[in-house]
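Before any comments, here is the structure.
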Amino acid sequence: MVRAIKWVDEVVEGAPYVTTLQTLDKYNCDFCVHGDDITLTVDGKDTYEEVKKSGRYRECKRTQGVSTTDLVGRMLLMTKAHHSNIDSSDYQQHKDNFGKKGHSPWTGVSQFLQTSQKIIQFASGQEPQPGDTIIYVAGAFDLFHIGHVDFLEAVHKLAEKPYIIVGLHFDQEVNRYKGKNYPIMNVHERTLSVLACRYVSEVVIGAPFAVTKDLLDHFKVDLVCHGKTVIYPDKDGSDPYAEPRRKEILRTVDSENSLTTDAIVQRIIKNRLLFEARNQKKEAKEIAVIQAMKRQEEEKTKERPQAVV
């Protein structure tokens, strides 16, 4: 999964939890990067202490509103508050139930806010070039996972110079054919997840469910691909792939990976108690660190000489 992210050059499997200078040197790394949330060892020490002291540590601001905690909360509580068209009146209940009122800024639940700058950061900015084979695929691509990656990689191998356009359906459309509280990730989150994949050139945000003649002509599509998963009918019962079938440009692609979003959700539900226990333990550690940081700050303030007026 990580290898498929377009900014990743190499993956080290089984890396140690505590990053040391020895690890950085072993893999010829100039420095180590982490988010601005805190990670601790079992005895409460900062896992990046050594690399920080040596000046070989960099930090990225964590993306607000996107966390494993939040996504798992959506699965377990079956909320729809994360959908892009729904007023977030029931979001507070979700937040209180699962995020424990967000005592910790890292483990608590918050909402993701999409901006044009975020999309620019993720987008390739590449136009199709002469000789490119323009391939269109559409779907929910919810909880973007290795099943999706294997499918996109298989599609990518169909041409010498592929230009893959992914059509993402709006949340309401996905909910119509998937039901329950799907999609787990809203269209803004799904857009960035798909754009991060090295096999994807462009994303259509809120693509029409039916692959129409207008869409095919607009993007000058050479090939339309679909996985071996079920093709849901359109609202009126018609085949959404009727036009590419008529033009004989529809190809069924076997990724040889049976993993689905449903399977991931079922894993999480099965391990709910374990996850909640892990989450509470993690948050307790984070709160302890926050309190210690506050105490240190208070002590520093007391030690500062007071100005006499």
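By convention here, the chains of the structure tokens are called A, B, ... in the order presented, each chain's residues are numbered starting at 1, and ligands are numbered starting at 1 in the order presented.
DSSP annotation of segment 180-283 of chain A from backbone atoms: strand (DSSP E) residues are Glu202, Val203, Val204, Ile205, Leu223, Val224, Cys225, His226, Leu250, Arg251 and Thr252 of chain A.
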Next, write the just-selected residues to a file, as an mmCIF file, in the first residue's frame, keeping N, CA and C atoms as the atom set.
```cif
data_model
loop_
_atom_site.group_PDB
_atom_site.id
_atom_site.type_symbol
_atom_site.label_atom_id
_atom_site.label_comp_id
_atom_site.auth_asym_id
_atom_site.auth_seq_id
_atom_site.Cartn_x
_atom_site.Cartn_y
_atom_site.Cartn_z
ATOM 1 N N GLU A 202 -5.456 11.653 -12.935
ATOM 2 C CA GLU A 202 -6.485 12.673 -12.735
ATOM 3 C C GLU A 202 -7.700 12.079 -12.026
ATOM 4 N N VAL A 203 -8.430 12.923 -11.308
ATOM 5 C CA VAL A 203 -9.651 12.487 -10.622
ATOM 6 C C VAL A 203 -10.808 13.397 -11.019
ATOM 7 N N VAL A 204 -11.943 12.787 -11.352
ATOM 8 C CA VAL A 204 -13.170 13.548 -11.592
ATOM 9 C C VAL A 204 -13.970 13.501 -10.293
ATOM 10 N N ILE A 205 -14.100 14.656 -9.634
ATOM 11 C CA ILE A 205 -14.771 14.717 -8.332
ATOM 12 C C ILE A 205 -16.276 14.829 -8.556
ATOM 13 N N LEU A 223 -10.256 3.803 -23.393
ATOM 14 C CA LEU A 223 -10.588 2.527 -22.747
ATOM 15 C C LEU A 223 -11.296 2.793 -21.418
ATOM 16 N N VAL A 224 -12.333 2.022 -21.122
ATOM 17 C CA VAL A 224 -13.022 2.098 -19.829
ATOM 18 C C VAL A 224 -12.820 0.755 -19.134
ATOM 19 N N CYS A 225 -12.384 0.798 -17.885
ATOM 20 C CA CYS A 225 -12.116 -0.456 -17.160
ATOM 21 C C CYS A 225 -12.985 -0.567 -15.919
ATOM 22 N N HIS A 226 -13.310 -1.812 -15.572
ATOM 23 C CA HIS A 226 -14.056 -2.105 -14.347
ATOM 24 C C HIS A 226 -13.488 -3.384 -13.770
ATOM 25 N N LEU A 250 -15.041 -1.274 -23.325
ATOM 26 C CA LEU A 250 -15.120 -1.677 -21.918
ATOM 27 C C LEU A 250 -14.288 -2.930 -21.689
ATOM 28 N N ARG A 251 -13.439 -2.893 -20.687
ATOM 29 C CA ARG A 251 -12.576 -4.032 -20.366
ATOM 30 C C ARG A 251 -12.752 -4.411 -18.895
ATOM 31 N N THR A 252 -12.999 -5.696 -18.626
ATOM 32 C CA THR A 252 -13.044 -6.174 -17.235
ATOM 33 C C THR A 252 -11.630 -6.570 -16.832
#
```
*All residues 8 Å or closer to Arg58 of chain A, only C-alpha atoms, same chain fewer than 4 positions away omitted, as a ChimeraX atom specification*: /A:31-34
Keeping only N, CA, C and O atoms, write the selected residues to a file as a CSV table (one decimal), in the first residue's frame.
```csv
chain,number,residue,atom,x,y,z
A,31,PHE,N,17.3,12.7,7.2
A,31,PHE,CA,16.6,12.9,8.4
A,31,PHE,C,15.3,12.1,8.5
A,31,PHE,O,14.9,11.4,7.5
A,32,CYS,N,14.6,12.2,9.6
A,32,CYS,CA,13.4,11.5,9.9
A,32,CYS,C,12.2,12.5,10.0
A,32,CYS,O,12.4,13.6,10.5
A,33,VAL,N,11.1,12.1,9.5
A,33,VAL,CA,9.9,13.0,9.5
A,33,VAL,C,8.7,12.3,10.2
A,33,VAL,O,8.5,11.1,10.0
A,34,HIS,N,8.0,13.1,11.0
A,34,HIS,CA,6.8,12.6,11.6
A,34,HIS,C,5.8,13.7,11.7
A,34,HIS,O,6.1,14.9,11.6
```
*Selection near Asn175 of chain A, 12 Å with only C-alpha atoms, sequence-local residues under 3 positions removed, as a list in words*: Lys80, His83, Ser84, Asn85, Gly139, Ala140, Asp142, His169, Phe170, Asp171, Gln172, Lys178, Gly179, Lys180, Asn181, Tyr182, Pro183, Ile184, Met185, Asn186, Val187 and Tyr232 of chain A
Could those residues be written to a file, using C-alpha atoms, as a PDB file, in the first residue's frame?
```pdb
ATOM      1  CA  LYS A  80     -23.509   9.421   8.305  1.00  0.00           C
ATOM      2  CA  HIS A  83     -21.057  12.634   4.330  1.00  0.00           C
ATOM      3  CA  SER A  84     -20.427  15.878   2.472  1.00  0.00           C
ATOM      4  CA  ASN A  85     -24.095  16.927   2.171  1.00  0.00           C
ATOM      5  CA  GLY A 139     -16.333   3.960  -8.393  1.00  0.00           C
ATOM      6  CA  ALA A 140     -16.395   4.856  -4.717  1.00  0.00           C
ATOM      7  CA  ASP A 142     -13.821   4.073  -0.238  1.00  0.00           C
ATOM      8  CA  HIS A 169     -19.026   9.244  -7.211  1.00  0.00           C
ATOM      9  CA  PHE A 170     -20.527  11.735  -4.764  1.00  0.00           C
ATOM     10  CA  ASP A 171     -21.390  10.462  -1.269  1.00  0.00           C
ATOM     11  CA  GLN A 172     -25.150  10.402  -1.951  1.00  0.00           C
ATOM     12  CA  LYS A 178     -23.942   0.626  -1.229  1.00  0.00           C
ATOM     13  CA  GLY A 179     -26.453   1.457   1.530  1.00  0.00           C
ATOM     14  CA  LYS A 180     -25.784   1.444   5.314  1.00  0.00           C
ATOM     15  CA  ASN A 181     -23.513   4.383   6.203  1.00  0.00           C
ATOM     16  CA  TYR A 182     -21.275   4.060   3.140  1.00  0.00           C
ATOM     17  CA  PRO A 183     -19.103   5.728   2.046  1.00  0.00           C
ATOM     18  CA  ILE A 184     -17.007   5.665   5.235  1.00  0.00           C
ATOM     19  CA  MET A 185     -14.814   8.416   3.761  1.00  0.00           C
ATOM     20  CA  ASN A 186     -16.475  11.424   2.181  1.00  0.00           C
ATOM     21  CA  VAL A 187     -15.740  12.568  -1.359  1.00  0.00           C
ATOM     22  CA  TYR A 232     -24.793  -1.745  -9.797  1.00  0.00           C
TER      23      TYR A 232
END
```
*Who sits within 8 Å of Asp150 of chain A, only C-alpha atoms, same chain under 3 positions skipped, as a VMD selection string*: chain A and resid 146 to 147 153 to 154 255 to 257
Extract, using only C-alpha atoms, all DNA, RNA and protein residues at most 12 Å from His156 of chain A, discarding same-chain residues fewer than 3 positions from it, and format them as a PDB file with N, CA and C atoms, in the first residue's frame.
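The result, written out as result03.pdb:
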```pdb
ATOM      1  N   ASP A 132      -0.536   8.977 -25.414  1.00  0.00           N
ATOM      2  CA  ASP A 132      -1.068   8.399 -24.173  1.00  0.00           C
ATOM      3  C   ASP A 132      -2.358   7.630 -24.458  1.00  0.00           C
ATOM      4  N   THR A 133      -2.558   6.543 -23.731  1.00  0.00           N
ATOM      5  CA  THR A 133      -3.833   5.824 -23.770  1.00  0.00           C
ATOM      6  C   THR A 133      -4.645   6.322 -22.579  1.00  0.00           C
ATOM      7  N   ILE A 134      -5.755   6.993 -22.858  1.00  0.00           N
ATOM      8  CA  ILE A 134      -6.577   7.565 -21.779  1.00  0.00           C
ATOM      9  C   ILE A 134      -7.578   6.516 -21.303  1.00  0.00           C
ATOM     10  N   ILE A 135      -7.397   6.132 -20.055  1.00  0.00           N
ATOM     11  CA  ILE A 135      -8.212   5.052 -19.471  1.00  0.00           C
ATOM     12  C   ILE A 135      -9.084   5.634 -18.357  1.00  0.00           C
ATOM     13  N   TYR A 136     -10.374   5.317 -18.410  1.00  0.00           N
ATOM     14  CA  TYR A 136     -11.310   5.820 -17.402  1.00  0.00           C
ATOM     15  C   TYR A 136     -11.808   4.672 -16.529  1.00  0.00           C
ATOM     16  N   VAL A 137     -11.744   4.892 -15.192  1.00  0.00           N
ATOM     17  CA  VAL A 137     -12.330   3.941 -14.237  1.00  0.00           C
ATOM     18  C   VAL A 137     -13.183   4.749 -13.266  1.00  0.00           C
ATOM     19  N   VAL A 149      -5.513  -0.554  -5.104  1.00  0.00           N
ATOM     20  CA  VAL A 149      -4.161  -0.350  -5.660  1.00  0.00           C
ATOM     21  C   VAL A 149      -3.844  -1.432  -6.690  1.00  0.00           C
ATOM     22  N   ASP A 150      -4.120  -2.691  -6.348  1.00  0.00           N
ATOM     23  CA  ASP A 150      -3.831  -3.796  -7.282  1.00  0.00           C
ATOM     24  C   ASP A 150      -4.645  -3.656  -8.566  1.00  0.00           C
ATOM     25  N   PHE A 151      -5.888  -3.202  -8.434  1.00  0.00           N
ATOM     26  CA  PHE A 151      -6.740  -2.977  -9.611  1.00  0.00           C
ATOM     27  C   PHE A 151      -6.142  -1.873 -10.496  1.00  0.00           C
ATOM     28  N   LEU A 152      -5.779  -0.746  -9.868  1.00  0.00           N
ATOM     29  CA  LEU A 152      -5.215   0.384 -10.630  1.00  0.00           C
ATOM     30  C   LEU A 152      -3.871   0.027 -11.264  1.00  0.00           C
ATOM     31  N   GLU A 153      -3.078  -0.788 -10.573  1.00  0.00           N
ATOM     32  CA  GLU A 153      -1.801  -1.229 -11.135  1.00  0.00           C
ATOM     33  C   GLU A 153      -2.039  -2.121 -12.366  1.00  0.00           C
ATOM     34  N   ALA A 159      -1.481  -0.487 -20.926  1.00  0.00           N
ATOM     35  CA  ALA A 159      -0.965   0.364 -22.003  1.00  0.00           C
ATOM     36  C   ALA A 159       0.490   0.734 -21.756  1.00  0.00           C
ATOM     37  N   GLU A 160       1.176   1.091 -22.838  1.00  0.00           N
ATOM     38  CA  GLU A 160       2.577   1.497 -22.720  1.00  0.00           C
ATOM     39  C   GLU A 160       2.692   2.866 -22.048  1.00  0.00           C
ATOM     40  N   LYS A 161       1.773   3.782 -22.425  1.00  0.00           N
ATOM     41  CA  LYS A 161       1.760   5.135 -21.824  1.00  0.00           C
ATOM     42  C   LYS A 161       0.350   5.426 -21.312  1.00  0.00           C
ATOM     43  N   PRO A 162      -0.007   4.842 -20.164  1.00  0.00           N
ATOM     44  CA  PRO A 162      -1.375   5.024 -19.659  1.00  0.00           C
ATOM     45  C   PRO A 162      -1.573   6.388 -18.991  1.00  0.00           C
ATOM     46  N   TYR A 163      -2.759   6.948 -19.174  1.00  0.00           N
ATOM     47  CA  TYR A 163      -3.169   8.163 -18.453  1.00  0.00           C
ATOM     48  C   TYR A 163      -4.501   7.801 -17.804  1.00  0.00           C
ATOM     49  N   ILE A 164      -4.449   7.486 -16.504  1.00  0.00           N
ATOM     50  CA  ILE A 164      -5.637   6.949 -15.819  1.00  0.00           C
ATOM     51  C   ILE A 164      -6.433   8.057 -15.141  1.00  0.00           C
ATOM     52  N   ILE A 165      -7.706   8.140 -15.526  1.00  0.00           N
ATOM     53  CA  ILE A 165      -8.643   9.088 -14.918  1.00  0.00           C
ATOM     54  C   ILE A 165      -9.601   8.286 -14.038  1.00  0.00           C
ATOM     55  N   VAL A 166      -9.683   8.666 -12.751  1.00  0.00           N
ATOM     56  CA  VAL A 166     -10.598   7.992 -11.821  1.00  0.00           C
ATOM     57  C   VAL A 166     -11.817   8.882 -11.582  1.00  0.00           C
ATOM     58  N   CYS A 197      -2.114   8.056  -5.182  1.00  0.00           N
ATOM     59  CA  CYS A 197      -1.651   6.814  -5.804  1.00  0.00           C
ATOM     60  C   CYS A 197      -0.846   7.106  -7.069  1.00  0.00           C
ATOM     61  N   ARG A 198       0.300   6.463  -7.201  1.00  0.00           N
ATOM     62  CA  ARG A 198       1.212   6.731  -8.320  1.00  0.00           C
ATOM     63  C   ARG A 198       0.642   6.330  -9.685  1.00  0.00           C
ATOM     64  N   TYR A 199      -0.384   5.478  -9.723  1.00  0.00           N
ATOM     65  CA  TYR A 199      -0.941   5.032 -11.004  1.00  0.00           C
ATOM     66  C   TYR A 199      -2.020   5.975 -11.540  1.00  0.00           C
ATOM     67  N   VAL A 200      -2.435   6.950 -10.726  1.00  0.00           N
ATOM     68  CA  VAL A 200      -3.557   7.828 -11.084  1.00  0.00           C
ATOM     69  C   VAL A 200      -3.053   9.167 -11.609  1.00  0.00           C
ATOM     70  N   SER A 201      -3.591   9.580 -12.753  1.00  0.00           N
ATOM     71  CA  SER A 201      -3.193  10.861 -13.360  1.00  0.00           C
ATOM     72  C   SER A 201      -4.178  11.981 -13.034  1.00  0.00           C
ATOM     73  N   LEU A 223     -10.256   3.803 -23.393  1.00  0.00           N
ATOM     74  CA  LEU A 223     -10.588   2.527 -22.747  1.00  0.00           C
ATOM     75  C   LEU A 223     -11.296   2.793 -21.418  1.00  0.00           C
ATOM     76  N   CYS A 225     -12.384   0.798 -17.885  1.00  0.00           N
ATOM     77  CA  CYS A 225     -12.116  -0.456 -17.160  1.00  0.00           C
ATOM     78  C   CYS A 225     -12.985  -0.567 -15.919  1.00  0.00           C
ATOM     79  N   VAL A 253     -11.165  -5.996 -15.713  1.00  0.00           N
ATOM     80  CA  VAL A 253      -9.784  -6.218 -15.268  1.00  0.00           C
ATOM     81  C   VAL A 253      -9.786  -7.009 -13.966  1.00  0.00           C
ATOM     82  N   SER A 255      -7.865  -7.952 -10.810  1.00  0.00           N
ATOM     83  CA  SER A 255      -6.700  -7.518 -10.012  1.00  0.00           C
ATOM     84  C   SER A 255      -6.077  -8.683  -9.247  1.00  0.00           C
TER      85      SER A 255
END
```
*Which neighbours of Arg272 of chain A fall inside 12 Å, counting only C-alpha atoms, when residues of the same chain fewer than 3 positions from it are skipped, and could you give them as a list of chain:residue names?*
A:Thr69, A:Val72, A:Gly73, A:Met75, A:Leu76, A:Leu77, A:Phe98, A:Val265, A:Gln266, A:Arg267, A:Ile268, A:Ile269, A:Phe275, A:Glu276, A:Ala277, A:Arg278, A:Asn279
